[in-house]
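Presented below is the structure to which this report refers.
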Amino acid sequence: MRAFWPATISTLAAAAYVVWRLASLGWAPIELFELGTRFSQGIEGGSPGYDGQFSYYIASNPDPKEVGPKLDVPAYRYQRILFPLSARLMSMGVEAWLPWTLVIAGLLAHWGGTWAVARFLLDRVLNPWYALSYGLWVGLVAPIGVGLGEPLAYGLAAGGWLLRARGRVVWSALLLGLALFAKETTIIFLAAALLAELTGQRRTRPLVAYLASLVIFIGWQAWLWRTFGSLGLGSGGDMATSFEWIPFMGLFRIGSVDMLALGLFLIMFLPTIVLPTIWAVVVSVRSILRGMSSAETWSLLGNGIAVMALPFSTFREPLGLVRFASGLVLAVILFSASQQLLRPLRYSLFWSALLAILVAQ
């Protein structure tokens, strides 16, 4: 029951955001997904819309041949099939219900993910309210209001991690594997669990379970290649730039376009994303060098490096940046809890201040 309240409060906050958006959009749920005329109507040079529209298109018609022309980068968008498919199943085929089931699926996934984080904390005799750092993270709350799959992806990752910690590795591998079909960036958590086994006890059952999930995802990528002519893995959708080799170069490239914008981004994200990312990499490398290569350590390192390498096209869009950083947020909480580090857990509660971004959207 102690995990119930952080999960419920976080979900109510997300629901309040959805209601706020609905009120501003004339209570038309389809407007939540910002359908652009370029893809919904095939108008070249039309409005681009936002990423949530692709969840809606796939949920409306999952046939890859028919929905492909409505996706800016078909393989990249279609690889995240789990969230729109879940909403479609919940709608029972009723088209008018889809906007609502996309929102409901996000809310339910967010409740479950926050609950799993709270239970992970409780299992380590820590205050479950630290789970609010996850539950009130803007990169998970905002996607619920625009129809994106981050709450489902990271909710499954959190659930898989909780089961892993409790020794239920087969179910853990299943949830971590399913998370990849909601958003491919969660592969860092699956890889971390696999690395921990390879560098640790090398137990047969966990190795087979995690490898099986990885192999299934590789098979999915092969199907995407065969169907759409490319892999789904990439740095983003339409107009995406490449990943960077120099840490945070994607952020500093903003200065070449607008120095004022770079200054504003540094004010917002230097204390909330950049410094926590540097801390994550330094602490995890130090732990590995000391021989403490736990799964939580590998996930912290992987998510930290991923944020450092983000492309300019992600850094320049605040909502895209915080969505991607959801993995870092989860990894920081899991690592800090596993190491009984109270200071990072306390500081992480200040992440909720970034909910102010929602007002500017």
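Each chain of the structure tokens is named A, B, ... in the order shown, its residues numbered from 1; ligands are numbered from 1 in display order.
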
Inset, instruction - Within 12 Å of Tyr130 of chain A, counting only C-alpha atoms, which residues show up once you throw out same-chain ones fewer than 6 positions away? Write them as a PyMOL selection string, please. - result: chain A and resi 2-3+5-7+10+114-122+136-137+329-330+332-334+336-337+341-352

Kindly save the residues from that selection, with C-alpha atoms included, as a short mmCIF file (atom, residue, chain, number, x, y, z; two decimals), in the first residue's frame.
data_model
loop_
_atom_site.label_atom_id
_atom_site.label_comp_id
_atom_site.auth_asym_id
_atom_site.auth_seq_id
_atom_site.Cartn_x
_atom_site.Cartn_y
_atom_site.Cartn_z
CA ARG A 2 2.94 2.36 0.61
CA ALA A 3 3.85 2.14 -3.08
CA TRP A 5 0.27 6.58 -3.13
CA PRO A 6 3.37 7.78 -5.03
CA ALA A 7 2.07 5.94 -8.10
CA SER A 10 2.00 10.83 -10.12
CA THR A 114 5.96 4.46 -10.65
CA TRP A 115 4.61 1.66 -8.46
CA ALA A 116 7.50 -0.61 -9.54
CA VAL A 117 10.05 2.09 -8.67
CA ALA A 118 8.39 2.63 -5.28
CA ARG A 119 8.44 -1.12 -4.59
CA PHE A 120 12.12 -1.28 -5.58
CA LEU A 121 12.80 1.44 -3.00
CA LEU A 122 10.74 -0.30 -0.34
CA LEU A 136 6.76 13.53 -11.81
CA TRP A 137 9.54 13.53 -14.39
CA VAL A 329 16.24 9.39 -14.41
CA LEU A 330 15.26 5.76 -13.88
CA VAL A 332 19.88 7.25 -11.24
CA ILE A 333 17.07 6.16 -8.92
CA LEU A 334 17.82 2.45 -9.30
CA SER A 336 21.17 5.25 -5.82
CA ALA A 337 18.67 2.91 -4.19
CA LEU A 341 22.82 6.80 -1.63
CA LEU A 342 20.29 9.14 -0.04
CA ARG A 343 21.71 12.44 -1.28
CA PRO A 344 21.13 11.74 -5.00
CA LEU A 345 17.63 10.48 -4.19
CA ARG A 346 16.85 13.68 -2.31
CA TYR A 347 18.26 15.89 -5.05
CA SER A 348 16.35 13.96 -7.69
CA LEU A 349 13.07 15.26 -6.28
CA PHE A 350 14.00 18.69 -7.68
CA TRP A 351 13.60 17.25 -11.18
CA SER A 352 9.87 17.85 -10.81
#

Rows by chain and residue number, segment 54-125 of chain A within 9 Å of segment 183-202 of chain A, shortest pair, only C-alpha atoms, as JSON lines:
{"residue": "A:Gln79", "atom": "CA", "partner": "A:Glu184", "partner_atom": "CA", "distance": 7.7}
{"residue": "A:Arg80", "atom": "CA", "partner": "A:Lys183", "partner_atom": "CA", "distance": 5.4}
{"residue": "A:Ile81", "atom": "CA", "partner": "A:Lys183", "partner_atom": "CA", "distance": 8.7}
{"residue": "A:Leu82", "atom": "CA", "partner": "A:Lys183", "partner_atom": "CA", "distance": 8.5}
{"residue": "A:Phe83", "atom": "CA", "partner": "A:Lys183", "partner_atom": "CA", "distance": 8.8}

Give me the residues of segment 78-191 of chain A that have any atom at most 9 Å from an atom of segment 19-33 of chain A; for each, the nearest atom pair and the distance in Å, rounded to one decimal. Use only C-alpha atoms, sort by chain and number, and format it as a tab-separated table.
residue	atom	partner	partner_atom	distance
A:Leu98	CA	A:Ile30	CA	8.7
A:Pro99	CA	A:Ile30	CA	5.7
A:Trp100	CA	A:Pro29	CA	6.9
A:Gly145	CA	A:Leu32	CA	6.4
A:Val146	CA	A:Phe33	CA	5.0
A:Gly147	CA	A:Phe33	CA	5.8
A:Leu148	CA	A:Phe33	CA	8.7

Dump C-alpha atoms for the selected residues as a PDB file, in the first residue's frame?
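Resulting contents of result.pdb:
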ATOM      1  CA  LEU A  98      -8.621   5.358 -29.936  1.00  0.00           C
ATOM      2  CA  PRO A  99      -7.735   8.863 -28.702  1.00  0.00           C
ATOM      3  CA  TRP A 100      -9.029   7.916 -25.267  1.00  0.00           C
ATOM      4  CA  GLY A 145      -0.725  14.133 -23.084  1.00  0.00           C
ATOM      5  CA  VAL A 146       0.609  13.838 -26.635  1.00  0.00           C
ATOM      6  CA  GLY A 147       0.249  10.107 -27.256  1.00  0.00           C
ATOM      7  CA  LEU A 148       3.778   8.763 -26.914  1.00  0.00           C
TER       8      LEU A 148
END

Inset, instruction - Mind checking which residues fall within 8 Å of Leu328 of chain A, counting only C-alpha atoms, ignoring those fewer than 2 positions away in the same chain, and posting them as JSON, numbers by chain? - result: {"A": [277, 300, 303, 304, 307, 325, 326, 330, 331, 332]}

Legend entry - For Gly234 of chain A, the nearest of the candidates A:Val257, A:Gln340, A:Gln221, A:Ala173, counting only C-alpha atoms: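 Looking at the shortest contact to Gly234 of chain A, the residue is A:Gln221.
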
For the helix (DSSP H, G or I) assignment from backbone DSSP, which residues of segment 30-149 of chain A qualify? Please present them as a PDB file with C-alpha atoms, in the first residue's frame.
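New file states13.pdb:
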ATOM      1  CA  ILE A  30      -7.838  13.844 -31.422  1.00  0.00           C
ATOM      2  CA  GLU A  31      -6.138  17.237 -31.145  1.00  0.00           C
ATOM      3  CA  LEU A  32      -3.872  15.897 -28.386  1.00  0.00           C
ATOM      4  CA  PHE A  33      -1.757  14.121 -30.983  1.00  0.00           C
ATOM      5  CA  THR A  37      -1.337  17.817 -42.687  1.00  0.00           C
ATOM      6  CA  ARG A  38       1.963  16.717 -44.212  1.00  0.00           C
ATOM      7  CA  PHE A  39       1.415  13.148 -43.061  1.00  0.00           C
ATOM      8  CA  SER A  40      -2.310  12.895 -42.281  1.00  0.00           C
ATOM      9  CA  GLY A  52       2.306  11.507 -31.118  1.00  0.00           C
ATOM     10  CA  GLN A  53       0.499  11.524 -34.455  1.00  0.00           C
ATOM     11  CA  PHE A  54       2.457   8.447 -35.518  1.00  0.00           C
ATOM     12  CA  SER A  55       1.184   6.477 -32.525  1.00  0.00           C
ATOM     13  CA  TYR A  56      -2.337   7.397 -33.597  1.00  0.00           C
ATOM     14  CA  TYR A  57      -1.797   6.450 -37.254  1.00  0.00           C
ATOM     15  CA  ILE A  58      -0.355   3.038 -36.321  1.00  0.00           C
ATOM     16  CA  ALA A  59      -3.112   2.419 -33.784  1.00  0.00           C
ATOM     17  CA  SER A  60      -5.728   3.324 -36.417  1.00  0.00           C
ATOM     18  CA  PRO A  64       2.653  -1.583 -42.471  1.00  0.00           C
ATOM     19  CA  LYS A  65       1.880  -1.105 -46.171  1.00  0.00           C
ATOM     20  CA  GLU A  66      -1.044   1.211 -45.508  1.00  0.00           C
ATOM     21  CA  VAL A  67       0.350   3.174 -42.572  1.00  0.00           C
ATOM     22  CA  GLY A  68       3.892   3.467 -43.972  1.00  0.00           C
ATOM     23  CA  PRO A  69       3.167   6.572 -46.119  1.00  0.00           C
ATOM     24  CA  LYS A  70       1.883   8.380 -43.008  1.00  0.00           C
ATOM     25  CA  PRO A  74       8.560   4.309 -41.316  1.00  0.00           C
ATOM     26  CA  ALA A  75      10.950   1.772 -39.748  1.00  0.00           C
ATOM     27  CA  TYR A  76      11.904   4.147 -36.937  1.00  0.00           C
ATOM     28  CA  ARG A  77       8.281   4.857 -35.999  1.00  0.00           C
ATOM     29  CA  TYR A  78       6.881   1.372 -36.596  1.00  0.00           C
ATOM     30  CA  LEU A  82       3.649  -1.973 -28.609  1.00  0.00           C
ATOM     31  CA  PHE A  83       2.080   1.272 -27.406  1.00  0.00           C
ATOM     32  CA  PRO A  84      -0.242   1.897 -30.375  1.00  0.00           C
ATOM     33  CA  LEU A  85      -1.109  -1.785 -30.557  1.00  0.00           C
ATOM     34  CA  SER A  86      -2.036  -1.794 -26.851  1.00  0.00           C
ATOM     35  CA  ALA A  87      -4.320   1.195 -27.393  1.00  0.00           C
ATOM     36  CA  ARG A  88      -5.892  -0.471 -30.422  1.00  0.00           C
ATOM     37  CA  LEU A  89      -6.640  -3.625 -28.449  1.00  0.00           C
ATOM     38  CA  MET A  90      -8.143  -1.552 -25.635  1.00  0.00           C
ATOM     39  CA  SER A  91     -10.389   0.255 -28.129  1.00  0.00           C
ATOM     40  CA  GLU A  95     -12.053   4.174 -34.053  1.00  0.00           C
ATOM     41  CA  ALA A  96     -13.671   6.879 -31.916  1.00  0.00           C
ATOM     42  CA  TRP A  97     -12.244   5.306 -28.763  1.00  0.00           C
ATOM     43  CA  LEU A  98      -8.621   5.358 -29.936  1.00  0.00           C
ATOM     44  CA  PRO A  99      -7.735   8.863 -28.702  1.00  0.00           C
ATOM     45  CA  TRP A 100      -9.029   7.916 -25.267  1.00  0.00           C
ATOM     46  CA  THR A 101      -7.363   4.504 -25.127  1.00  0.00           C
ATOM     47  CA  LEU A 102      -4.018   6.017 -26.124  1.00  0.00           C
ATOM     48  CA  VAL A 103      -4.299   8.315 -23.103  1.00  0.00           C
ATOM     49  CA  ILE A 104      -5.583   5.585 -20.779  1.00  0.00           C
ATOM     50  CA  ALA A 105      -2.801   3.196 -21.837  1.00  0.00           C
ATOM     51  CA  GLY A 106      -0.245   5.875 -21.002  1.00  0.00           C
ATOM     52  CA  LEU A 107      -1.785   6.595 -17.613  1.00  0.00           C
ATOM     53  CA  LEU A 108      -1.971   2.925 -16.645  1.00  0.00           C
ATOM     54  CA  ALA A 109       1.624   2.335 -17.730  1.00  0.00           C
ATOM     55  CA  HIS A 110       2.776   5.361 -15.762  1.00  0.00           C
ATOM     56  CA  TRP A 111       1.017   4.142 -12.632  1.00  0.00           C
ATOM     57  CA  GLY A 112       2.595   0.727 -13.003  1.00  0.00           C
ATOM     58  CA  GLY A 113       6.078   2.108 -13.631  1.00  0.00           C
ATOM     59  CA  THR A 114       5.960   4.458 -10.651  1.00  0.00           C
ATOM     60  CA  TRP A 115       4.612   1.658  -8.464  1.00  0.00           C
ATOM     61  CA  ALA A 116       7.497  -0.608  -9.539  1.00  0.00           C
ATOM     62  CA  VAL A 117      10.047   2.092  -8.674  1.00  0.00           C
ATOM     63  CA  ALA A 118       8.387   2.630  -5.280  1.00  0.00           C
ATOM     64  CA  ARG A 119       8.439  -1.125  -4.593  1.00  0.00           C
ATOM     65  CA  PHE A 120      12.125  -1.277  -5.577  1.00  0.00           C
ATOM     66  CA  LEU A 121      12.802   1.435  -2.999  1.00  0.00           C
ATOM     67  CA  LEU A 122      10.742  -0.303  -0.340  1.00  0.00           C
ATOM     68  CA  ASP A 123      12.579  -3.581  -0.915  1.00  0.00           C
ATOM     69  CA  PRO A 128       8.888   5.026  -1.476  1.00  0.00           C
ATOM     70  CA  TRP A 129       8.147   8.728  -1.972  1.00  0.00           C
ATOM     71  CA  TYR A 130      11.471   9.042  -3.780  1.00  0.00           C
ATOM     72  CA  ALA A 131       9.582   7.373  -6.621  1.00  0.00           C
ATOM     73  CA  LEU A 132       8.044  10.794  -7.279  1.00  0.00           C
ATOM     74  CA  SER A 133      11.337  11.682  -8.962  1.00  0.00           C
ATOM     75  CA  TYR A 134      10.299   9.179 -11.620  1.00  0.00           C
ATOM     76  CA  GLY A 135       6.556   9.736 -11.487  1.00  0.00           C
ATOM     77  CA  VAL A 138       8.364  15.746 -17.248  1.00  0.00           C
ATOM     78  CA  GLY A 139       9.750  13.336 -19.841  1.00  0.00           C
ATOM     79  CA  LEU A 140       7.209  10.749 -18.702  1.00  0.00           C
ATOM     80  CA  VAL A 141       4.267  13.028 -17.859  1.00  0.00           C
ATOM     81  CA  ALA A 142       4.296  14.999 -21.127  1.00  0.00           C
ATOM     82  CA  PRO A 143       4.139  11.941 -23.446  1.00  0.00           C
ATOM     83  CA  ILE A 144       0.834  10.897 -21.866  1.00  0.00           C
ATOM     84  CA  GLY A 145      -0.725  14.133 -23.084  1.00  0.00           C
ATOM     85  CA  VAL A 146       0.609  13.838 -26.635  1.00  0.00           C
TER      86      VAL A 146
END

Legend entry - Counting only C-alpha atoms, the option among A:Val282, A:Gly291, A:Tyr50, A:Trp161 closest to Glu317 of chain A: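 The shortest atom-to-atom distance to Glu317 of chain A comes from A:Tyr50.
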
Inset, instruction - Would you please work out which residue, of A:Gly45, A:Pro276, A:Gly177, A:Gly320, is nearest to Val215 of chain A when using only C-alpha atoms? - result: A:Gly177

Inset, instruction - Name all residues at most 10 Å from Ile278 of chain A (count only C-alpha atoms; drop same-chain ones fewer than 4 positions away) and give them as a list of chain:residue names. - result: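 Here the answer would be A:Pro247, A:Ile273, A:Val274, A:Val282, A:Val283, A:Ser284, A:Leu301, A:Gly304, A:Ile305, A:Val307, A:Met308.
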
Next, dump the selected residues to file, keeping only C-alpha atoms, as a PDB file, in the first residue's frame.
ATOM      1  CA  PRO A 247      30.139  14.837 -25.099  1.00  0.00           C
ATOM      2  CA  ILE A 273      20.420  16.931 -17.069  1.00  0.00           C
ATOM      3  CA  VAL A 274      24.031  17.871 -17.867  1.00  0.00           C
ATOM      4  CA  VAL A 282      31.907   9.386 -13.237  1.00  0.00           C
ATOM      5  CA  VAL A 283      30.261   7.400 -10.433  1.00  0.00           C
ATOM      6  CA  SER A 284      29.554   4.359 -12.594  1.00  0.00           C
ATOM      7  CA  LEU A 301      26.830   4.268 -17.318  1.00  0.00           C
ATOM      8  CA  GLY A 304      24.823   8.630 -19.100  1.00  0.00           C
ATOM      9  CA  ILE A 305      26.869   7.986 -22.243  1.00  0.00           C
ATOM     10  CA  VAL A 307      22.695  11.437 -23.126  1.00  0.00           C
ATOM     11  CA  MET A 308      26.203  12.772 -23.769  1.00  0.00           C
TER      12      MET A 308
END

Legend entry - Between atom CA of Asn127 of chain A and atom CA of Ala15 of chain A - distance in Å to one decimal: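 Pair atom CA of Ala15 of chain A / atom CA of Asn127 of chain A returns 24.2 Å.
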